[in-house]
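What's in structure38.cif: mmCIF, C-alpha atoms
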```cif
data_data
loop_
_atom_site.label_atom_id
_atom_site.label_comp_id
_atom_site.auth_asym_id
_atom_site.auth_seq_id
_atom_site.Cartn_x
_atom_site.Cartn_y
_atom_site.Cartn_z
CA MET A 100 -123.33 4.27 -5.60
CA ASP A 101 -121.57 2.25 -2.89
CA ILE A 102 -124.64 0.02 -2.30
CA ASN A 103 -125.25 -0.65 -5.97
CA LEU A 104 -121.58 -1.38 -6.74
CA ARG A 105 -121.18 -3.57 -3.67
CA ALA A 106 -124.43 -5.41 -4.48
CA TRP A 107 -123.41 -5.88 -8.12
CA LEU A 108 -120.02 -7.36 -7.10
CA THR A 109 -121.64 -9.64 -4.54
CA ALA A 110 -124.34 -10.85 -6.94
CA ASN A 111 -122.06 -11.45 -9.93
CA LEU A 112 -118.95 -12.74 -8.16
CA GLY A 113 -120.64 -14.49 -5.30
CA THR A 114 -118.28 -12.91 -2.73
CA ASN A 115 -118.85 -12.02 0.89
CA LYS A 116 -118.73 -8.51 2.35
CA THR A 117 -115.02 -8.64 3.25
CA THR A 118 -113.96 -9.86 -0.19
CA THR A 119 -116.16 -7.26 -1.83
CA THR A 120 -114.49 -4.52 0.25
CA LEU A 121 -111.02 -5.74 -0.76
CA LEU A 122 -112.05 -5.77 -4.42
CA LEU A 123 -113.34 -2.20 -4.08
CA VAL A 124 -110.05 -1.15 -2.50
CA LEU A 125 -108.12 -2.80 -5.32
CA MET A 126 -110.25 -1.09 -7.95
CA VAL A 127 -109.78 2.31 -6.31
CA VAL A 128 -106.02 1.78 -5.98
CA VAL A 129 -105.72 0.81 -9.66
CA MET A 130 -107.79 3.84 -10.62
CA VAL A 131 -105.68 6.16 -8.49
CA ILE A 132 -102.46 4.75 -9.93
CA LEU A 133 -103.83 5.23 -13.43
CA ILE A 134 -104.85 8.82 -12.66
CA TRP A 135 -101.44 9.47 -11.11
CA TRP A 136 -99.70 8.15 -14.23
CA LEU A 137 -101.89 10.21 -16.56
CA THR A 138 -101.53 13.35 -14.43
CA LYS A 139 -97.75 13.00 -14.37
CA LYS A 140 -97.57 12.54 -18.13
CA ILE A 141 -99.89 15.48 -18.81
CA LEU A 142 -98.11 17.86 -16.39
CA HIS A 143 -94.64 16.95 -17.67
CA TYR A 144 -95.83 17.40 -21.24
CA VAL A 145 -97.92 20.57 -20.97
CA ILE A 146 -96.21 22.73 -18.30
CA PRO A 147 -92.64 22.71 -19.75
CA ARG A 148 -93.99 23.68 -23.16
CA LEU A 149 -95.99 26.56 -21.69
CA THR A 150 -93.08 27.90 -19.65
CA ALA A 151 -90.72 27.55 -22.63
CA LYS A 152 -92.90 29.98 -24.61
CA THR A 153 -92.50 32.76 -22.04
CA LYS A 154 -89.50 35.11 -21.93
CA THR A 155 -89.24 35.02 -18.14
CA VAL A 156 -87.01 32.57 -16.29
CA TRP A 157 -88.81 32.42 -12.95
CA ASP A 158 -91.62 30.20 -14.25
CA ASP A 159 -89.08 27.65 -15.54
CA ILE A 160 -87.47 27.57 -12.09
CA ILE A 161 -90.73 27.31 -10.13
CA PHE A 162 -92.36 24.66 -12.30
CA ASN A 163 -89.45 22.25 -12.04
CA ASP A 164 -89.53 18.46 -11.85
CA ARG A 165 -89.91 18.51 -8.06
CA ILE A 166 -93.07 20.62 -8.23
CA LEU A 167 -94.57 18.67 -11.12
CA ASN A 168 -93.92 15.32 -9.45
CA SER A 169 -95.48 16.56 -6.21
CA LEU A 170 -98.53 17.94 -7.99
CA SER A 171 -99.00 14.72 -9.96
CA THR A 172 -99.01 12.85 -6.64
CA LEU A 173 -101.23 15.32 -4.81
CA ILE A 174 -104.09 15.26 -7.34
CA PRO A 175 -104.84 11.48 -7.21
CA VAL A 176 -104.40 11.41 -3.42
CA ILE A 177 -107.02 14.16 -3.05
CA LEU A 178 -109.28 12.26 -5.43
CA PHE A 179 -108.74 9.06 -3.43
CA ASP A 180 -109.53 10.94 -0.22
CA GLN A 181 -112.82 12.21 -1.71
CA LEU A 182 -113.89 8.82 -3.10
CA LEU A 183 -113.31 6.82 0.08
CA PRO A 184 -116.29 8.14 2.08
CA ILE A 185 -118.56 7.39 -0.90
CA LEU A 186 -117.29 3.89 -1.61
CA PHE A 187 -116.83 2.74 1.99
CA LYS A 188 -119.43 4.62 3.98
CA ASP A 189 -120.56 1.38 5.63
CA SER A 190 -117.06 0.37 6.73
CA THR A 191 -117.01 2.39 9.92
CA SER A 192 -113.93 0.67 11.34
CA PHE A 193 -111.91 0.74 8.12
CA LEU A 194 -112.73 4.19 6.75
CA PRO A 195 -111.31 6.50 9.50
CA VAL A 196 -107.90 4.81 9.39
CA VAL A 197 -107.60 5.07 5.61
CA LEU A 198 -108.87 8.66 5.61
CA ALA A 199 -106.30 9.61 8.25
CA GLY A 200 -103.59 8.03 6.09
CA THR A 201 -104.65 9.92 2.97
CA ASP A 202 -104.88 13.18 4.96
CA VAL A 203 -101.31 12.63 6.17
CA LEU A 204 -100.18 12.04 2.57
CA ILE A 205 -101.92 15.24 1.45
CA ILE A 206 -100.23 17.24 4.22
CA MET A 207 -96.79 15.76 3.48
CA ASP A 208 -97.13 16.41 -0.25
CA SER A 209 -98.36 19.97 0.37
CA VAL A 210 -95.40 20.61 2.67
CA TRP A 211 -93.01 19.27 0.03
CA ILE A 212 -94.58 21.53 -2.62
CA LEU A 213 -94.20 24.61 -0.39
CA VAL A 214 -90.59 23.71 0.42
CA SER A 215 -89.86 23.29 -3.29
CA ILE A 216 -91.44 26.69 -3.98
CA PHE A 217 -89.26 28.30 -1.29
CA ASN A 218 -86.17 26.69 -2.86
CA SER A 219 -87.20 28.08 -6.24
CA VAL A 220 -87.80 31.56 -4.79
CA ASN A 221 -84.35 31.44 -3.20
CA GLU A 222 -82.82 30.47 -6.54
CA ILE A 223 -84.69 33.21 -8.43
CA LEU A 224 -83.85 36.01 -5.99
CA SER A 225 -80.23 34.88 -5.64
CA GLN A 226 -79.77 35.43 -9.38
CA ASP A 227 -81.18 38.95 -9.17
CA GLU A 228 -78.50 41.63 -8.73
CA ARG A 229 -80.85 43.68 -6.57
CA HIS A 230 -81.16 40.91 -3.98
CA LYS A 231 -77.67 39.38 -4.01
CA ASP A 232 -76.68 41.33 -0.91
CA LYS A 233 -79.81 40.26 1.02
CA PRO A 234 -79.98 37.19 3.30
CA ILE A 235 -82.54 35.44 1.07
CA GLY A 236 -81.24 32.02 2.12
CA SER A 237 -81.89 32.81 5.79
CA LEU A 238 -85.46 33.92 5.13
CA THR A 239 -86.32 30.93 2.95
CA GLN A 240 -84.80 28.57 5.50
CA LEU A 241 -86.92 30.16 8.22
CA ALA A 242 -90.01 29.75 6.00
CA LYS A 243 -89.16 26.08 5.46
CA ILE A 244 -88.73 25.51 9.20
CA LEU A 245 -92.14 27.08 9.86
CA THR A 246 -93.67 24.97 7.08
CA PHE A 247 -92.20 21.77 8.49
CA SER A 248 -93.36 22.74 11.98
CA VAL A 249 -96.93 23.44 10.87
CA GLY A 250 -96.92 20.25 8.81
CA ALA A 251 -95.73 18.19 11.76
CA ILE A 252 -98.46 19.66 13.99
CA LEU A 253 -101.15 18.92 11.39
CA ILE A 254 -99.90 15.36 10.86
CA ILE A 255 -99.82 14.59 14.59
CA SER A 256 -103.28 16.13 15.13
CA THR A 257 -104.63 14.07 12.20
CA MET A 258 -103.16 10.85 13.54
CA ILE A 259 -104.48 11.32 17.09
CA GLY A 260 -107.79 12.79 15.92
CA ARG A 261 -107.46 16.02 17.91
CA SER A 262 -107.59 19.67 16.87
CA PRO A 263 -104.24 21.39 16.07
CA LEU A 264 -105.17 23.96 18.74
CA PHE A 265 -104.92 21.17 21.30
CA LEU A 266 -101.28 20.63 20.39
CA LEU A 267 -100.52 24.34 20.21
CA SER A 268 -101.89 24.83 23.73
CA GLY A 269 -99.26 22.42 25.01
CA LEU A 270 -96.35 24.19 23.33
CA GLY A 271 -96.04 26.63 26.22
CA ALA A 272 -94.72 23.85 28.44
CA MET A 273 -92.25 22.87 25.71
CA ALA A 274 -90.97 26.41 25.15
CA ALA A 275 -87.68 25.77 26.97
CA ILE A 276 -87.04 22.60 24.96
CA LEU A 277 -87.92 24.36 21.69
CA LEU A 278 -85.60 27.25 22.51
CA LEU A 279 -82.80 24.78 23.18
CA VAL A 280 -83.45 22.79 19.99
CA PHE A 281 -83.81 25.87 17.77
CA LYS A 282 -81.19 27.99 19.53
CA ASP A 283 -78.92 28.25 16.49
CA SER A 284 -81.85 28.98 14.19
CA ILE A 285 -83.15 31.76 16.45
CA LEU A 286 -79.73 33.33 16.91
CA GLY A 287 -79.04 32.99 13.20
CA PHE A 288 -82.32 34.63 12.25
CA VAL A 289 -81.71 37.59 14.57
CA ALA A 290 -78.12 37.87 13.28
CA SER A 291 -79.32 37.75 9.66
CA ILE A 292 -81.66 40.67 10.30
CA GLN A 293 -78.86 42.69 11.91
CA LEU A 294 -76.39 41.85 9.14
CA SER A 295 -78.91 42.87 6.50
CA ALA A 296 -80.11 46.01 8.27
CA ASN A 297 -76.55 47.27 8.87
CA ASN A 298 -75.23 45.95 5.52
CA MET A 299 -72.35 44.30 7.38
CA VAL A 300 -71.68 41.40 5.02
CA GLN A 301 -72.88 40.38 1.57
CA VAL A 302 -72.40 37.42 -0.73
CA GLY A 303 -69.13 38.00 -2.61
CA ASP A 304 -67.47 40.08 0.13
CA TRP A 305 -63.90 39.32 1.09
CA VAL A 306 -63.93 38.78 4.86
CA THR A 307 -61.35 37.78 7.44
CA VAL A 308 -62.59 36.07 10.62
CA PRO A 309 -59.52 35.37 12.82
CA ASN A 310 -61.37 33.29 15.44
CA TYR A 311 -62.40 30.77 12.78
CA GLY A 312 -59.30 30.96 10.58
CA ALA A 313 -61.38 32.20 7.63
CA ASP A 314 -59.93 34.50 4.99
CA GLY A 315 -61.75 34.57 1.66
CA ASP A 316 -64.98 35.30 -0.18
CA VAL A 317 -68.48 34.81 1.21
CA LEU A 318 -70.22 32.09 -0.82
CA GLU A 319 -73.54 31.76 0.95
CA ILE A 320 -75.48 33.35 3.82
CA ASN A 321 -77.94 30.96 5.45
CA LEU A 322 -80.13 31.04 8.53
CA THR A 323 -77.57 29.35 10.78
CA THR A 324 -74.27 29.49 8.87
CA ILE A 325 -72.20 31.61 6.52
CA LYS A 326 -69.88 29.80 4.09
CA VAL A 327 -66.53 31.40 3.30
CA GLN A 328 -64.29 30.08 0.56
CA ASN A 329 -60.71 30.69 1.64
CA PHE A 330 -57.98 31.59 -0.83
CA ASP A 331 -56.58 28.06 -0.60
CA LEU A 332 -60.03 26.93 -1.91
CA THR A 333 -61.04 25.35 1.39
CA ILE A 334 -64.46 26.29 2.76
CA THR A 335 -65.02 27.47 6.33
CA THR A 336 -68.53 27.31 7.77
CA ILE A 337 -69.13 29.96 10.42
CA PRO A 338 -72.24 30.44 12.60
CA THR A 339 -74.17 33.48 11.41
CA TYR A 340 -74.36 34.95 14.90
CA ALA A 341 -70.53 34.84 15.11
CA PHE A 342 -70.48 37.83 12.74
CA ILE A 343 -72.39 39.75 15.41
CA SER A 344 -70.71 38.44 18.55
CA ASP A 345 -67.10 38.24 17.26
CA SER A 346 -64.93 40.67 15.35
CA PHE A 347 -64.27 40.26 11.64
CA THR A 348 -62.79 42.33 8.82
CA ASN A 349 -64.79 43.09 5.69
CA TRP A 350 -62.61 44.22 2.79
CA ARG A 351 -65.54 45.57 0.77
CA GLY A 352 -64.40 49.15 1.36
CA MET A 353 -61.08 48.36 -0.32
CA SER A 354 -62.82 46.55 -3.18
CA ASN A 355 -65.13 49.51 -3.79
CA SER A 356 -62.37 52.11 -3.49
CA ASN A 357 -59.99 53.36 -6.17
CA GLY A 358 -56.93 51.59 -4.83
CA ARG A 359 -55.47 48.89 -2.62
CA ARG A 360 -53.21 49.93 0.21
CA ILE A 361 -49.49 49.25 0.25
CA LYS A 362 -48.11 49.51 3.79
CA ARG A 363 -44.67 48.03 4.30
CA ALA A 364 -41.37 49.20 5.81
CA ILE A 365 -37.68 48.62 5.24
CA TYR A 366 -35.22 48.81 8.14
CA LEU A 367 -32.09 50.96 7.79
CA LYS A 368 -28.99 50.53 9.93
CA ILE A 369 -28.81 53.54 12.19
CA ASP A 370 -25.00 53.78 12.01
CA SER A 371 -25.28 54.32 8.23
CA ILE A 372 -27.38 57.48 8.71
CA GLY A 373 -25.47 60.77 8.55
CA PHE A 374 -25.28 64.35 7.28
CA CYS A 375 -24.72 65.02 3.59
CA ASP A 376 -21.53 66.88 2.77
CA ASP A 377 -20.96 68.80 -0.46
CA ASP A 378 -19.40 65.85 -2.26
CA MET A 379 -22.33 63.60 -1.40
CA LEU A 380 -24.87 66.22 -2.46
CA LYS A 381 -23.02 66.72 -5.75
CA ARG A 382 -23.21 62.99 -6.37
CA LEU A 383 -26.86 62.73 -5.32
CA CYS A 384 -27.81 65.61 -7.65
CA LYS A 385 -27.16 63.23 -10.55
CA ILE A 386 -30.24 61.25 -9.44
CA ALA A 387 -33.01 62.82 -11.52
CA LEU A 388 -35.89 62.29 -9.09
CA VAL A 389 -34.22 64.22 -6.25
CA ALA A 390 -32.12 66.75 -8.17
CA ASP A 391 -34.74 69.52 -7.87
CA TYR A 392 -35.42 68.60 -4.25
CA ILE A 393 -31.74 68.86 -3.31
CA GLN A 394 -31.34 72.18 -5.09
CA ARG A 395 -34.40 73.65 -3.42
CA ARG A 396 -33.40 72.40 0.02
CA LYS A 397 -29.83 73.68 -0.41
CA GLU A 398 -31.16 77.18 -1.09
CA GLU A 399 -33.49 77.04 1.92
CA ILE A 400 -30.76 75.74 4.23
CA GLN A 401 -28.19 78.21 2.93
CA ALA A 402 -30.56 81.13 3.49
CA TYR A 403 -31.31 79.96 7.02
CA ASN A 404 -27.67 79.39 7.96
CA ASP A 405 -26.62 82.74 6.50
CA SER A 406 -29.36 84.62 8.32
CA HIS A 407 -28.37 82.97 11.61
CA LYS A 408 -24.62 83.26 10.95
CA VAL A 409 -24.07 79.58 11.52
CA ASP A 410 -20.48 78.33 11.76
CA LYS A 411 -20.35 75.66 9.05
CA SER A 412 -16.80 74.59 9.77
CA THR A 413 -18.52 71.82 11.75
CA LEU A 414 -21.17 69.98 9.77
CA VAL A 415 -23.51 69.44 12.71
CA ASN A 416 -24.06 73.18 13.19
CA GLY A 417 -27.17 74.77 11.73
CA ARG A 418 -29.47 73.04 9.31
CA ASN A 419 -28.28 70.21 7.08
CA MET A 420 -29.60 67.49 4.83
CA THR A 421 -29.24 63.85 5.81
CA ASN A 422 -28.89 60.90 3.51
CA VAL A 423 -32.01 59.29 5.00
CA GLY A 424 -33.98 62.49 4.43
CA VAL A 425 -32.90 62.66 0.79
CA PHE A 426 -33.63 58.94 0.41
CA LYS A 427 -37.12 59.49 1.87
CA ALA A 428 -37.75 62.27 -0.65
CA TYR A 429 -36.46 60.01 -3.44
CA ILE A 430 -38.89 57.18 -2.53
CA GLU A 431 -41.83 59.59 -2.42
CA ALA A 432 -40.89 61.07 -5.81
CA TYR A 433 -40.47 57.55 -7.21
CA LEU A 434 -43.95 56.55 -5.96
CA LYS A 435 -45.56 59.66 -7.46
CA ALA A 436 -43.89 58.94 -10.79
CA ASN A 437 -44.98 55.28 -10.72
CA PRO A 438 -47.96 54.78 -13.11
CA ASN A 439 -49.26 51.92 -10.94
CA ILE A 440 -49.78 54.17 -7.90
CA ASN A 441 -52.99 56.18 -7.46
CA ASN A 442 -51.77 59.70 -6.72
CA GLU A 443 -55.29 60.87 -5.92
CA MET A 444 -55.07 58.85 -2.72
CA MET A 445 -52.54 59.05 0.11
CA VAL A 446 -48.88 58.73 -0.94
CA MET A 447 -46.51 58.96 2.00
CA VAL A 448 -43.11 57.80 3.20
CA ARG A 449 -42.66 58.04 6.95
CA GLN A 450 -40.22 57.13 9.69
CA LEU A 451 -41.43 54.82 12.42
CA PRO A 452 -39.92 54.70 15.90
CA PRO A 453 -36.38 53.22 15.85
CA SER A 454 -35.99 49.75 17.27
CA GLU A 455 -33.34 47.09 17.76
CA LYS A 456 -33.71 46.37 14.03
CA GLY A 457 -32.83 49.92 13.00
CA LEU A 458 -34.87 52.80 11.61
CA PRO A 459 -38.10 51.67 9.85
CA LEU A 460 -38.89 53.66 6.73
CA GLU A 461 -42.49 52.86 5.80
CA ILE A 462 -44.13 53.24 2.41
CA TYR A 463 -47.83 54.09 2.56
CA ALA A 464 -49.58 54.29 -0.82
CA PHE A 465 -52.37 52.75 -2.90
CA SER A 466 -52.02 50.70 -6.06
CA LYS A 467 -54.46 51.32 -8.91
CA ASP A 468 -54.90 47.61 -9.61
CA LYS A 469 -56.71 45.85 -6.76
CA ASN A 470 -56.35 42.35 -8.19
CA TRP A 471 -54.37 40.26 -5.70
CA LYS A 472 -51.72 38.99 -8.10
CA ALA A 473 -51.24 42.35 -9.82
CA TYR A 474 -51.12 44.09 -6.43
CA GLU A 475 -48.38 41.76 -5.17
CA ASN A 476 -46.36 42.28 -8.36
CA ILE A 477 -46.66 46.07 -8.08
CA MET A 478 -45.54 45.99 -4.45
CA SER A 479 -42.65 43.65 -5.26
CA ASP A 480 -41.44 45.91 -8.08
CA ILE A 481 -41.50 48.94 -5.78
CA PHE A 482 -39.48 47.30 -3.02
CA ASP A 483 -37.08 45.68 -5.49
CA HIS A 484 -36.25 49.16 -6.71
CA VAL A 485 -36.17 50.78 -3.26
CA LEU A 486 -33.87 48.13 -1.77
CA SER A 487 -31.56 48.34 -4.79
CA ALA A 488 -31.40 52.14 -4.45
CA VAL A 489 -30.38 52.09 -0.76
CA PRO A 490 -26.54 51.90 -1.37
CA TYR A 491 -26.66 54.99 -3.65
CA PHE A 492 -27.50 57.06 -0.57
CA ASP A 493 -24.70 55.56 1.55
CA LEU A 494 -27.27 53.69 3.60
CA GLU A 495 -27.45 50.03 4.61
CA VAL A 496 -30.40 47.74 5.15
CA PHE A 497 -30.52 45.97 8.49
CA GLU A 498 -30.63 42.19 8.61
CA ASN A 499 -29.75 39.74 11.33
CA PRO A 500 -26.31 38.18 10.82
CA ALA A 501 -26.22 34.68 9.37
CA GLY A 502 -23.71 31.89 9.97
CA SER A 503 -21.71 32.89 6.90
CA ASP A 504 -21.27 36.41 8.33
CA PHE A 505 -19.73 35.01 11.52
CA ARG A 506 -17.46 32.72 9.51
CA ARG A 507 -16.16 35.68 7.53
CA VAL A 508 -15.40 37.58 10.75
CA VAL A 509 -13.66 34.62 12.33
CA GLY A 510 -11.78 33.79 9.13
#
```
Take the structure in this file and express it as structure tokens.
Amino acid sequence: MDINLRAWLTANLGTNKTTTTLLLVLMVVVMVILIWWLTKKILHYVIPRLTAKTKTVWDDIIFNDRILNSLSTLIPVILFDQLLPILFKDSTSFLPVVLAGTDVLIIMDSVWILVSIFNSVNEILSQDERHKDKPIGSLTQLAKILTFSVGAILIISTMIGRSPLFLLSGLGAMAAILLLVFKDSILGFVASIQLSANNMVQVGDWVTVPNYGADGDVLEINLTTIKVQNFDLTITTIPTYAFISDSFTNWRGMSNSNGRRIKRAIYLKIDSIGFCDDDMLKRLCKIALVADYIQRRKEEIQAYNDSHKVDKSTLVNGRNMTNVGVFKAYIEAYLKANPNINNEMMVMVRQLPPSEKGLPLEIYAFSKDKNWKAYENIMSDIFDHVLSAVPYFDLEVFENPAGSDFRRVVG
């Protein structure tokens, strides 16, 4: 075929061997371009119509424009690579160079197709609820790195005309350099496996990483990084291995539970704490939430004092109720009566060790609504009420004196 076509061109056009070769190259290039154009048109016309007829989504994602464009390029390049030895078998100096170039193009296009497929697989699996908690991005990134590495080895071996095994045999001497270059990728891959195996973090989890100033939701888990969108809408990128080497808080347990914890204290002035006399108890009995508590405690205390013949002419003798104790019982009864508090979880009011700020009285409970805004509103309503109720129990809330307080004393 090559001899006849070359002879026909030489006889009819009166050209020399070099000109004939250039004309053959031009003809092949035009033919390849034409085939490329036809292939692209056919693929973009046929494939989308076939995938549109199916009910599945994965085929629409895989056969995207990137894949179709790469396939339309790969087909004519392969054809060009097969025609060259036939058309230019006599051009011993020209043929190896062109064949090496077409082989490199085939490898590069094949690598790009594989990378596009990995991107499509990542997109498909990321949309599947069963795989949302898996580090799919890390695995696909590792696959792309391996694909690029194999492609680079094949391209270099094609260009130098040596076997890929020749290059692989020399990688042992480059192991230290490769470990240094791919340190983050290696650490990230190992960390991804550990995170997945131990179910430590998932996409959508609320995490707090103090060392990196991150506090928000996990957007993406990749081979080398994890992206966290903070509540101020900024994005913090954290190395994947940092979730193994450093400490972090995952709030998934709270999100999956039946309530969100409220844990906050008010500070009472210690000099406002005292025993309850009869007049105070009579007044406090008008408060509905503690009326039954006061009556029950009065009976218990009276029975104890009578059995031990306690001299009650002095209030400190025997057992007595204190205003802070009654107030503590009132807060607990108020929390249990609050429809926004989950009474199936811990509801507690406790005293913390006294300090220079007074006596801390801590509320420990769980709100039913875990939404951040609703949670803050519930907690605000509770402490608005509790702080407003403090004076009814002859107690005072501690606060550091301000300049106006000193002016009143001086004035």
>> the PyMOL selection byres ((chain A and resi 443-459) around 7) - which residues does that actually catch in the file I just gave you? List them as a ChimeraX atom specification.
In response: /A:364-369,427,431,441-442,460-465,497
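Going from CA of Ala390 in chain A over to CA of Arg363 in chain A, you cover 25.8 Å.
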>> What's the separation between CA of Val176 in chain A and CA of Thr257 in chain A, in Å to one decimal place?
In response: 15.8 Å
> What is the distance, in Å and to one decimal place, between CA of Glu495 in chain A and CA of Ser371 in chain A?
Replying inline: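 Between CA of Glu495 in chain A and CA of Ser371 in chain A the gap works out to 6.0 Å.
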>> (-31.0, 71.2, 6.9) in this file's frame - what residues fall within 12 Å of it? Use all atoms listed in the file and give the answer as number ranges by chain.
In response: A: 373-376, 393, 395-404, 409, 411, 414-422, 424-425
>> Set the distance at 10 Å and use all atoms listed in the file: which residues neighbour Tyr392 in chain A once local chain neighbours fewer than 5 positions away are removed? I'd like the list as number ranges by chain.
In response: A: 384, 387, 397, 425, 428-429, 432
> Got a sec to resolve the PyMOL selection byres ((chain A and resi 303) around 7) on this structure and send the residues as an MDAnalysis selection string?
Replying inline: chainID A and resid 301:302 304:305 316:318
Resulting file, chosen residues, C-alpha atoms, as a JSON list (two decimals), in the frame of the given file:
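Wrote result-v7.json, looks like this:
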```
[["chain", "number", "residue", "atom", "x", "y", "z"],
["A", 301, "GLN", "CA", -72.88, 40.38, 1.57],
["A", 302, "VAL", "CA", -72.40, 37.42, -0.73],
["A", 304, "ASP", "CA", -67.47, 40.08, 0.13],
["A", 305, "TRP", "CA", -63.90, 39.32, 1.09],
["A", 316, "ASP", "CA", -64.98, 35.30, -0.18],
["A", 317, "VAL", "CA", -68.48, 34.81, 1.21],
["A", 318, "LEU", "CA", -70.22, 32.09, -0.82]]
```
> Given the choices A:Ile254, A:Ile343, A:Ile440, A:Ile334, which gets closest to Gln293 in chain A if the distance is worked out from all atoms listed in the file?
Replying inline: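 Once distances to Gln293 in chain A are computed over all atoms listed in the file, the minimum belongs to A:Ile343.
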> Got a sec to check which residues sit within 12 Å of (-105.3, 11.0, 16.0), counting all atoms listed in the file, and write them as a PyMOL selection string?
Replying inline: chain A and resi 195-196+198-200+202-203+252-263+265-266
>> Selection in question (the file shown): the PyMOL selection byres ((chain A and resi 130-133) around 10). Which residues does it include, as a list in words?
In response: Val124, Leu125, Met126, Val127, Val128, Val129, Ile134, Trp135, Trp136, Leu137, Thr138, Lys139, Thr172, Ile174, Pro175, Val176, Ile177, Leu178 and Phe179 of chain A
How big is the axis-aligned box around the listed atoms of range 130-134 of chain A once 8 Å is added on each side, and where is its centre? Give both in Å to one decimal, as JSON.
```
{"center_x": -105.1, "center_y": 6.3, "center_z": -11.0, "size_x": 21.3, "size_y": 21.0, "size_z": 20.9}
```
> When distances are computed from only C-alpha atoms, which of A:Leu167, A:Val306, A:Ala473, A:Leu322 shows the smallest separation from Arg351 in chain A?
Replying inline: A:Val306
I want to know what sits within 12 Å of Trp471 in chain A, based on all atoms listed in the file, with residues of the same chain fewer than 2 positions away left out; could you give that as a PDB file with C-alpha atoms, in the coordinates of the input?
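Saved as around10.pdb:
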```pdb
ATOM      1  CA  TRP A 305     -63.900  39.320   1.090  1.00  0.00           C
ATOM      2  CA  GLY A 315     -61.750  34.570   1.660  1.00  0.00           C
ATOM      3  CA  PHE A 330     -57.980  31.590  -0.830  1.00  0.00           C
ATOM      4  CA  MET A 353     -61.080  48.360  -0.320  1.00  0.00           C
ATOM      5  CA  SER A 354     -62.820  46.550  -3.180  1.00  0.00           C
ATOM      6  CA  GLY A 358     -56.930  51.590  -4.830  1.00  0.00           C
ATOM      7  CA  ARG A 359     -55.470  48.890  -2.620  1.00  0.00           C
ATOM      8  CA  ARG A 360     -53.210  49.930   0.210  1.00  0.00           C
ATOM      9  CA  ILE A 361     -49.490  49.250   0.250  1.00  0.00           C
ATOM     10  CA  SER A 466     -52.020  50.700  -6.060  1.00  0.00           C
ATOM     11  CA  LYS A 467     -54.460  51.320  -8.910  1.00  0.00           C
ATOM     12  CA  ASP A 468     -54.900  47.610  -9.610  1.00  0.00           C
ATOM     13  CA  LYS A 469     -56.710  45.850  -6.760  1.00  0.00           C
ATOM     14  CA  ALA A 473     -51.240  42.350  -9.820  1.00  0.00           C
ATOM     15  CA  TYR A 474     -51.120  44.090  -6.430  1.00  0.00           C
ATOM     16  CA  GLU A 475     -48.380  41.760  -5.170  1.00  0.00           C
ATOM     17  CA  ASN A 476     -46.360  42.280  -8.360  1.00  0.00           C
ATOM     18  CA  ILE A 477     -46.660  46.070  -8.080  1.00  0.00           C
ATOM     19  CA  MET A 478     -45.540  45.990  -4.450  1.00  0.00           C
TER      20      MET A 478
END
```
